[in-house]
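*Asks:* This is the content of data27.cif (mmCIF, C-alpha atoms):
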data_coords
#
loop_
_atom_site.label_atom_id
_atom_site.label_comp_id
_atom_site.auth_asym_id
_atom_site.auth_seq_id
_atom_site.Cartn_x
_atom_site.Cartn_y
_atom_site.Cartn_z
CA MET A 1 95.70 113.19 32.38
CA ALA A 2 94.24 111.13 35.20
CA LEU A 3 91.22 109.77 33.38
CA ASP A 4 92.80 106.33 33.13
CA ASN A 5 92.96 106.34 36.96
CA PRO A 6 90.31 108.80 38.17
CA PHE A 7 90.74 107.77 41.80
CA SER A 8 94.20 109.36 41.72
CA MET A 9 92.58 112.79 41.43
CA PHE A 10 91.25 112.35 44.98
CA ASP A 11 94.58 111.22 46.44
CA VAL A 12 95.67 113.47 49.34
CA THR A 13 98.25 111.09 50.79
CA ASP A 14 100.89 112.97 52.81
CA LYS A 15 99.24 116.35 52.24
CA VAL A 16 99.30 118.58 55.32
CA ALA A 17 95.91 119.85 56.46
CA LEU A 18 95.23 122.49 59.12
CA ILE A 19 91.72 122.33 60.58
CA THR A 20 90.46 125.13 62.82
CA GLY A 21 87.47 124.48 65.05
CA ALA A 22 88.63 120.87 65.17
CA SER A 23 86.67 120.12 68.35
CA GLY A 24 83.31 120.88 66.68
CA ALA A 25 81.01 118.67 64.64
CA PHE A 26 82.28 119.61 61.20
CA GLY A 27 85.87 119.81 62.43
CA ALA A 28 85.60 116.21 63.63
CA VAL A 29 84.22 115.09 60.27
CA ALA A 30 87.04 116.88 58.48
CA ALA A 31 89.67 115.38 60.76
CA GLN A 32 88.41 111.82 60.39
CA CYS A 33 87.89 112.15 56.63
CA LEU A 34 91.26 113.70 55.80
CA SER A 35 93.26 111.52 58.20
CA GLY A 36 91.56 108.45 56.79
CA ALA A 37 92.53 109.61 53.31
CA GLY A 38 96.19 109.85 54.30
CA CYS A 39 96.71 113.48 55.31
CA LYS A 40 98.99 114.69 58.06
CA LEU A 41 96.78 116.72 60.36
CA VAL A 42 97.15 119.81 62.47
CA LEU A 43 94.09 120.32 64.65
CA ALA A 44 93.40 123.69 66.25
CA ALA A 45 90.67 124.40 68.79
CA GLY A 46 90.02 126.31 71.97
CA ASN A 47 88.61 123.26 73.75
CA ALA A 48 91.68 121.08 74.27
CA ALA A 49 89.83 118.15 75.86
CA ALA A 50 87.27 117.90 73.05
CA MET A 51 90.01 118.27 70.46
CA ALA A 52 91.97 115.41 72.04
CA LYS A 53 88.92 113.16 71.70
CA VAL A 54 88.73 114.02 68.00
CA ALA A 55 92.46 113.39 67.57
CA ALA A 56 92.05 109.95 69.15
CA THR A 57 89.63 108.95 66.37
CA CYS A 58 92.12 109.84 63.62
CA THR A 59 94.73 107.71 61.91
CA GLY A 60 98.22 108.83 60.97
CA PRO A 61 100.18 111.84 62.26
CA VAL A 62 98.14 114.39 64.24
CA HIS A 63 99.49 117.56 65.86
CA GLN A 64 97.25 119.60 68.19
CA ILE A 65 97.24 123.34 68.82
CA ASN A 66 95.12 124.66 71.69
CA ALA A 67 94.16 127.99 70.12
CA ARG A 68 91.48 129.78 68.16
CA PRO A 69 92.11 131.93 65.05
CA ASP A 70 91.04 135.03 66.98
CA SER A 71 93.94 137.35 66.15
CA GLU A 72 96.51 138.00 63.46
CA ALA A 73 99.25 136.71 65.76
CA ALA A 74 97.36 133.54 66.67
CA CYS A 75 96.80 132.72 63.00
CA ALA A 76 100.42 133.37 62.10
CA ASP A 77 101.50 131.10 64.96
CA MET A 78 99.16 128.30 63.80
CA VAL A 79 100.58 128.34 60.30
CA ALA A 80 104.16 128.56 61.57
CA ASP A 81 103.55 125.64 63.96
CA THR A 82 102.07 123.61 61.09
CA VAL A 83 105.10 124.23 58.88
CA GLN A 84 107.54 123.59 61.71
CA THR A 85 105.83 120.26 62.45
CA PHE A 86 105.22 118.91 58.95
CA GLY A 87 107.23 121.17 56.63
CA GLN A 88 104.38 122.63 54.60
CA LEU A 89 100.69 123.56 54.47
CA ASP A 90 98.54 122.21 51.63
CA ILE A 91 94.94 122.29 52.89
CA LEU A 92 93.10 124.66 55.22
CA VAL A 93 89.66 123.75 56.55
CA VAL A 94 88.01 126.58 58.49
CA ALA A 95 85.46 124.85 60.71
CA SER A 96 85.61 127.33 63.58
CA GLY A 97 82.64 129.58 64.29
CA MET A 98 79.55 130.09 66.42
CA ASN A 99 75.84 130.82 66.41
CA LYS A 100 73.95 132.87 68.99
CA VAL A 101 70.22 133.02 68.41
CA ALA A 102 67.97 135.92 69.45
CA LYS A 103 65.36 138.11 67.81
CA ILE A 104 66.80 141.44 66.72
CA ASP A 105 65.16 143.46 69.49
CA ASP A 106 66.59 141.05 72.08
CA MET A 107 70.10 140.67 70.65
CA ALA A 108 72.82 142.88 72.10
CA PRO A 109 75.10 144.54 69.55
CA GLU A 110 78.01 142.82 71.27
CA THR A 111 76.43 139.44 70.53
CA PHE A 112 76.05 140.32 66.86
CA ASP A 113 79.70 141.39 66.81
CA ASP A 114 80.80 138.13 68.46
CA VAL A 115 79.12 136.02 65.77
CA MET A 116 80.49 138.14 62.95
CA ASP A 117 83.97 138.01 64.46
CA ALA A 118 83.98 134.23 64.95
CA ASN A 119 82.46 133.38 61.58
CA VAL A 120 83.82 136.09 59.29
CA THR A 121 86.81 137.97 60.68
CA GLN A 122 88.50 134.90 62.11
CA SER A 123 87.91 132.98 58.87
CA TRP A 124 89.51 135.87 56.96
CA LEU A 125 92.48 136.02 59.34
CA ILE A 126 93.36 132.33 59.17
CA ALA A 127 92.83 132.26 55.40
CA ARG A 128 95.16 135.26 55.07
CA ALA A 129 97.90 133.53 57.06
CA ALA A 130 97.49 130.27 55.14
CA ILE A 131 97.48 132.03 51.75
CA ARG A 132 100.78 133.73 52.53
CA GLN A 133 102.36 130.36 53.27
CA MET A 134 100.82 128.67 50.23
CA LYS A 135 102.03 131.46 47.97
CA ALA A 136 105.55 131.11 49.38
CA GLN A 137 105.49 127.36 48.70
CA ARG A 138 104.47 127.97 45.05
CA THR A 139 102.63 124.65 44.93
CA GLY A 140 99.04 125.86 45.13
CA GLY A 141 96.73 124.90 47.93
CA LYS A 142 93.17 124.18 49.00
CA ILE A 143 91.07 126.37 51.29
CA VAL A 144 87.65 125.15 52.41
CA PHE A 145 85.37 127.39 54.44
CA VAL A 146 82.30 126.13 56.27
CA SER A 147 79.26 128.12 55.28
CA SER A 148 75.59 127.18 55.68
CA ALA A 149 72.34 127.04 53.78
CA ARG A 150 71.54 130.04 55.99
CA GLY A 151 74.02 132.09 53.98
CA LEU A 152 71.50 131.87 51.15
CA LEU A 153 68.20 131.61 53.02
CA GLY A 154 66.82 133.50 55.97
CA HIS A 155 65.36 132.02 59.14
CA PRO A 156 62.62 133.46 61.36
CA ALA A 157 63.97 132.28 64.73
CA GLY A 158 66.49 135.00 65.49
CA TYR A 159 69.22 134.21 62.97
CA THR A 160 70.12 137.74 61.82
CA ALA A 161 73.73 137.43 63.02
CA TYR A 162 74.24 133.89 61.76
CA CYS A 163 72.64 134.42 58.35
CA ALA A 164 74.58 137.65 57.85
CA SER A 165 77.85 136.00 58.84
CA LYS A 166 77.41 133.02 56.52
CA ALA A 167 76.39 135.27 53.64
CA ALA A 168 79.65 137.14 54.29
CA VAL A 169 81.58 133.84 54.21
CA ASP A 170 79.98 133.12 50.82
CA GLY A 171 81.04 136.53 49.53
CA MET A 172 84.57 136.04 50.85
CA THR A 173 84.74 132.63 49.18
CA LYS A 174 83.79 134.12 45.83
CA ALA A 175 86.09 137.12 46.15
CA LEU A 176 89.10 135.01 47.13
CA GLY A 177 88.33 132.52 44.40
CA CYS A 178 88.60 135.37 41.90
CA GLU A 179 91.64 136.95 43.54
CA LEU A 180 93.66 133.75 43.84
CA GLY A 181 92.72 132.13 40.54
CA PRO A 182 96.17 132.50 38.94
CA THR A 183 98.03 131.20 42.03
CA GLY A 184 96.82 127.60 42.01
CA ILE A 185 95.12 128.13 45.36
CA THR A 186 91.43 127.25 45.25
CA VAL A 187 88.90 128.65 47.72
CA ASN A 188 85.53 126.99 48.13
CA ALA A 189 82.90 126.47 50.83
CA ILE A 190 80.70 123.64 52.01
CA ALA A 191 77.24 124.81 53.05
CA PRO A 192 75.33 122.17 54.99
CA THR A 193 71.88 122.25 56.40
CA VAL A 194 70.96 120.23 59.52
CA PHE A 195 73.23 117.21 60.01
CA ARG A 196 73.72 114.91 62.96
CA SER A 197 75.90 116.43 65.69
CA PRO A 198 75.79 116.88 69.46
CA LEU A 199 73.91 120.16 68.95
CA THR A 200 71.26 118.68 66.65
CA ALA A 201 70.94 115.19 68.18
CA TRP A 202 67.56 116.12 69.67
CA MET A 203 66.10 116.55 66.16
CA PHE A 204 66.81 112.89 65.41
CA GLU A 205 64.90 111.64 68.45
CA ASP A 206 61.37 110.23 68.46
CA THR A 207 59.92 112.74 70.92
CA PRO A 208 56.77 114.69 69.95
CA GLU A 209 58.73 117.97 69.82
CA ALA A 210 61.52 116.55 67.66
CA THR A 211 59.05 114.81 65.35
CA ALA A 212 57.07 118.01 64.80
CA VAL A 213 60.17 120.10 64.09
CA ARG A 214 61.74 117.40 61.92
CA ASP A 215 58.61 116.81 59.85
CA GLY A 216 58.18 120.52 59.24
CA PHE A 217 61.78 120.83 58.10
CA LEU A 218 61.79 117.69 55.96
CA ALA A 219 58.79 118.96 54.02
CA ARG A 220 61.33 121.30 52.38
CA VAL A 221 64.06 118.66 51.83
CA PRO A 222 63.69 116.66 48.59
CA LYS A 223 65.86 113.79 49.89
CA GLY A 224 63.45 113.41 52.79
CA ARG A 225 65.98 113.00 55.60
CA LEU A 226 68.38 114.94 57.78
CA GLY A 227 72.10 114.94 57.04
CA GLU A 228 74.67 112.51 58.39
CA PRO A 229 78.38 113.27 58.92
CA GLU A 230 79.37 111.10 55.97
CA ASP A 231 77.28 113.34 53.70
CA LEU A 232 79.91 116.03 54.29
CA ALA A 233 82.98 113.82 53.91
CA GLY A 234 82.70 113.25 50.15
CA PRO A 235 82.32 116.94 49.26
CA LEU A 236 85.22 117.81 51.57
CA LEU A 237 87.56 115.27 49.99
CA PHE A 238 86.61 116.59 46.55
CA LEU A 239 87.35 120.20 47.53
CA ALA A 240 90.61 119.24 49.26
CA SER A 241 92.01 117.23 46.34
CA ARG A 242 93.17 117.71 42.74
CA ALA A 243 89.69 116.64 41.62
CA SER A 244 88.49 120.21 42.31
CA ASP A 245 91.40 122.08 40.66
CA PHE A 246 89.02 123.83 38.23
CA TYR A 247 86.52 124.73 40.97
CA THR A 248 87.03 127.93 42.93
CA GLY A 249 84.77 130.54 44.48
CA HIS A 250 82.10 127.85 44.69
CA ILE A 251 79.53 127.24 47.43
CA LEU A 252 78.70 123.52 47.58
CA TYR A 253 75.36 122.94 49.29
CA ALA A 254 75.30 119.67 51.24
CA ASP A 255 71.60 119.96 51.97
CA GLY A 256 69.60 117.14 50.40
CA GLY A 257 68.17 119.60 47.88
CA TYR A 258 66.88 122.05 50.52
CA THR A 259 68.12 125.16 48.69
CA ALA A 260 66.97 123.88 45.28
CA GLY A 261 63.26 124.29 45.96
#
Is it possible to express this structure as structure tokens?
*Replies:*
Amino acid sequence: MALDNPFSMFDVTDKVALITGASGAFGAVAAQCLSGAGCKLVLAAGNAAAMAKVAATCTGPVHQINARPDSEAACADMVADTVQTFGQLDILVVASGMNKVAKIDDMAPETFDDVMDANVTQSWLIARAAIRQMKAQRTGGKIVFVSSARGLLGHPAGYTAYCASKAAVDGMTKALGCELGPTGITVNAIAPTVFRSPLTAWMFEDTPEATAVRDGFLARVPKGRLGEPEDLAGPLLFLASRASDFYTGHILYADGGYTAG
């Protein structure tokens, strides 16, 4: 038992973590959090320059792969590269994805397919490759998907593709949690609402437009503020460590209470 030293349950020192979408906002949070906690990192992203900037903010060993999880072969190569570099794979964080916003009568079917592919199919493909490696290691593992409050709640501004894709991620999380229960591999998801990132920075500004949008949104958020990157770090460390060994198939809403009301 670790109750005499509960901090040990969160110890991920020398664990090997693969993060897809490492050049994005959540990928950067994951990289900084897990490297700071002592993990060896493999970062994967299509934008090599942005990924390099993220890698420069990390401590400890960092290996970079300039690729997206957009095919079975690409995912197999990512996992193989991870194992070749660090000898194992313990943690997978799937932070890759996209959102394209348009009302349904303006959205091309190809656009809907692109969002579903990036958020659902590619998440499934990289999870599949990681699970095969984790099963072969026989030491369990941690898989963390990035979902959204929009997987539970709709949105009127042209989010049919995004909401559908994140609802699918939630379903995949639950199904894999059930399927992999006996293996020691846990599968969970973090579902944030708006948090500070390059894409949402305008909502934090003091312009009339930002204030109006922010005030309307915060009327639904019990904590009364928008999210910060560190609000996602604690839940991620929990889901990536032994502290969450009895948690699987769970969607953890990092939303200031937004989905509670």
*Asks:* So, with only C-alpha atoms as the atoms that count, which of A:Lys174, A:Arg220, A:Arg196, A:Arg68 lies closest to Leu252 of chain A?
*Replies:*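 So, comparing all the options, the nearest one is A:Lys174.
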*Asks:* So that I can check the surroundings of segment 25-32 of chain A, please list as a compact mmCIF listing (two decimals) with C-alpha atoms, in the coordinates of the input every protein, DNA and RNA residue that reaches within 9 Å of it, counting only C-alpha atoms and ignoring chain neighbours fewer than 2 positions away.
*Replies:*
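For reference, result_36.txt as written:
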# COMPACT_ATOMS: atom_id res chain seq x y z
CA ALA A 17 95.91 119.85 56.46
CA ILE A 19 91.72 122.33 60.58
CA THR A 20 90.46 125.13 62.82
CA GLY A 21 87.47 124.48 65.05
CA ALA A 22 88.63 120.87 65.17
CA SER A 23 86.67 120.12 68.35
CA LEU A 34 91.26 113.70 55.80
CA SER A 35 93.26 111.52 58.20
CA GLY A 36 91.56 108.45 56.79
CA ALA A 37 92.53 109.61 53.31
CA LEU A 41 96.78 116.72 60.36
CA VAL A 42 97.15 119.81 62.47
CA LEU A 43 94.09 120.32 64.65
CA MET A 51 90.01 118.27 70.46
CA VAL A 54 88.73 114.02 68.00
CA ALA A 55 92.46 113.39 67.57
CA THR A 57 89.63 108.95 66.37
CA CYS A 58 92.12 109.84 63.62
CA THR A 59 94.73 107.71 61.91
CA VAL A 93 89.66 123.75 56.55
CA VAL A 94 88.01 126.58 58.49
CA ALA A 95 85.46 124.85 60.71
CA SER A 96 85.61 127.33 63.58
CA VAL A 146 82.30 126.13 56.27
CA ARG A 196 73.72 114.91 62.96
CA SER A 197 75.90 116.43 65.69
CA PRO A 198 75.79 116.88 69.46
CA LEU A 199 73.91 120.16 68.95
CA PRO A 229 78.38 113.27 58.92
CA GLU A 230 79.37 111.10 55.97
CA LEU A 232 79.91 116.03 54.29
CA ALA A 233 82.98 113.82 53.91
CA LEU A 236 85.22 117.81 51.57
CA LEU A 237 87.56 115.27 49.99
*Asks:* What would the selection look like, as an MDAnalysis selection string, if the PyMOL selection byres ((chain A and resi 184) around 12) were run on the coordinates I just shared?
*Replies:* chainID A and resid 90 131 134:143 176:183 185:187 242 244:248
*Asks:* Please work out which residues fall within 7 Å of (72.9, 113.4, 62.5), coordinates as given in the file, with all atoms listed in the file counting, and return them as a list in words.
*Replies:*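 Residues with an atom close enough to that point: Phe195, Arg196, Ser197, Thr200, Ala201, Phe204, Leu226, Gly227, Glu228 and Pro229 of chain A.
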*Asks:* Please list, as JSON, numbers by chain, the residues that have an atom at most 7 Å away from (95.5, 117.1, 71.1) in the coordinates of this file, counting only C-alpha atoms.
*Replies:* {"A": [48, 51, 52, 55, 63, 64, 65]}
*Asks:* Using 8 Å of padding on each side, determine the axis-aligned box around all atoms of segment 113-126 of chain A present in the file and give its centre and edge lengths in Å to one decimal, as JSON.
*Replies:*
{"center_x": 86.2, "center_y": 136.9, "center_z": 62.7, "size_x": 30.2, "size_y": 25.1, "size_z": 27.5}
*Asks:* Skipping near chain neighbours, those fewer than 5 positions away, what residues fall within 12 Å of Ala129 of chain A using all atoms listed in the file, listed as a list in words?
*Replies:* Leu18, Pro69, Ser71, Glu72, Ala73, Ala74, Cys75, Ala76, Asp77, Met78, Val79, Ala80, Asp81, Thr82, Val83, Leu89, Leu92, Gln122, Ser123, Trp124, Met134, Lys135, Ala136 and Ile143 of chain A
*Asks:* Can you measure atom CA of Pro61 of chain A to atom CA of Gly87 of chain A for me? One decimal in Å is fine.
*Replies:* 13.0 Å
*Asks:* Expanded to explicit residues, what is the PyMOL selection byres ((chain A and resi 115) around 7) for this file, as a JSON list (two decimals) with C-alpha atoms, keeping the file's coordinate frame?
*Replies:*
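The resulting file, selection14.json, is reproduced below:
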[["chain", "number", "residue", "atom", "x", "y", "z"],
["A", 98, "MET", "CA", 79.55, 130.09, 66.42],
["A", 99, "ASN", "CA", 75.84, 130.82, 66.41],
["A", 100, "LYS", "CA", 73.95, 132.87, 68.99],
["A", 111, "THR", "CA", 76.43, 139.44, 70.53],
["A", 112, "PHE", "CA", 76.05, 140.32, 66.86],
["A", 113, "ASP", "CA", 79.70, 141.39, 66.81],
["A", 114, "ASP", "CA", 80.80, 138.13, 68.46],
["A", 116, "MET", "CA", 80.49, 138.14, 62.95],
["A", 117, "ASP", "CA", 83.97, 138.01, 64.46],
["A", 118, "ALA", "CA", 83.98, 134.23, 64.95],
["A", 119, "ASN", "CA", 82.46, 133.38, 61.58],
["A", 161, "ALA", "CA", 73.73, 137.43, 63.02],
["A", 162, "TYR", "CA", 74.24, 133.89, 61.76]]
*Asks:* Can you work out the spacing between atom CA of Thr211 of chain A and atom CA of Gly154 of chain A in Å, to one decimal?
*Replies:*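 Computing it gives 22.3 Å between the two atoms.
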*Asks:* Might you spell out which residues the PyMOL selection byres ((chain A and resi 221) around 9) would select in the displayed file, as a list in words?
*Replies:*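 Expected selection for the PyMOL selection byres ((chain A and resi 221) around 9) here is Phe217, Leu218, Ala219, Arg220, Pro222, Lys223, Gly224, Arg225, Leu226, Asp255, Gly256, Gly257, Tyr258, Thr259, Ala260 and Gly261 of chain A.
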*Asks:* So what do you get for atom CA of Asp4 of chain A versus atom CA of Gly38 of chain A, distance-wise?
*Replies:* 21.7 Å
*Asks:* Find, counting only C-alpha atoms, the residue in A:Pro156, A:Gly24, A:Pro208, A:Pro192 that gets nearest to Gly97 of chain A.
*Replies:* A:Gly24
*Asks:* Which of these residues is nearest to Val194 of chain A, using only C-alpha atoms: A:Ala130, A:Ala254, A:Leu3, A:Ile104?
*Replies:*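 Of all the options, A:Ala254 lies closest to Val194 of chain A.
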*Asks:* Do a neighbour search on Ala102 of chain A at 6 Å with all atoms listed in the file, toss out local chain neighbours closer than 4 positions, and write the hits as a PyMOL selection string.
*Replies:* chain A and resi 106-107+158
*Asks:* Store the residues of this selection in a file with C-alpha atoms, as a tab-separated table (two decimals), keeping the file's coordinate frame.
*Replies:*
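Result written to part_37.tsv:
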chain	number	residue	atom	x	y	z
A	106	ASP	CA	66.59	141.05	72.08
A	107	MET	CA	70.10	140.67	70.65
A	158	GLY	CA	66.49	135.00	65.49
*Asks:* Taking all atoms listed in the file into account, name the residue in A:Gln84, A:Gln133, A:Ser165, A:Asn66 that is nearest to Ser148 of chain A.
*Replies:*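 The answer is A:Ser165, which sits nearest to Ser148 of chain A.
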*Asks:* Given the choices A:Ala127, A:Ala44, A:Val213, A:Ile190, which gets closest to Arg150 of chain A if the distance is worked out from only C-alpha atoms?
*Replies:*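 The answer is A:Ile190, which sits nearest to Arg150 of chain A.
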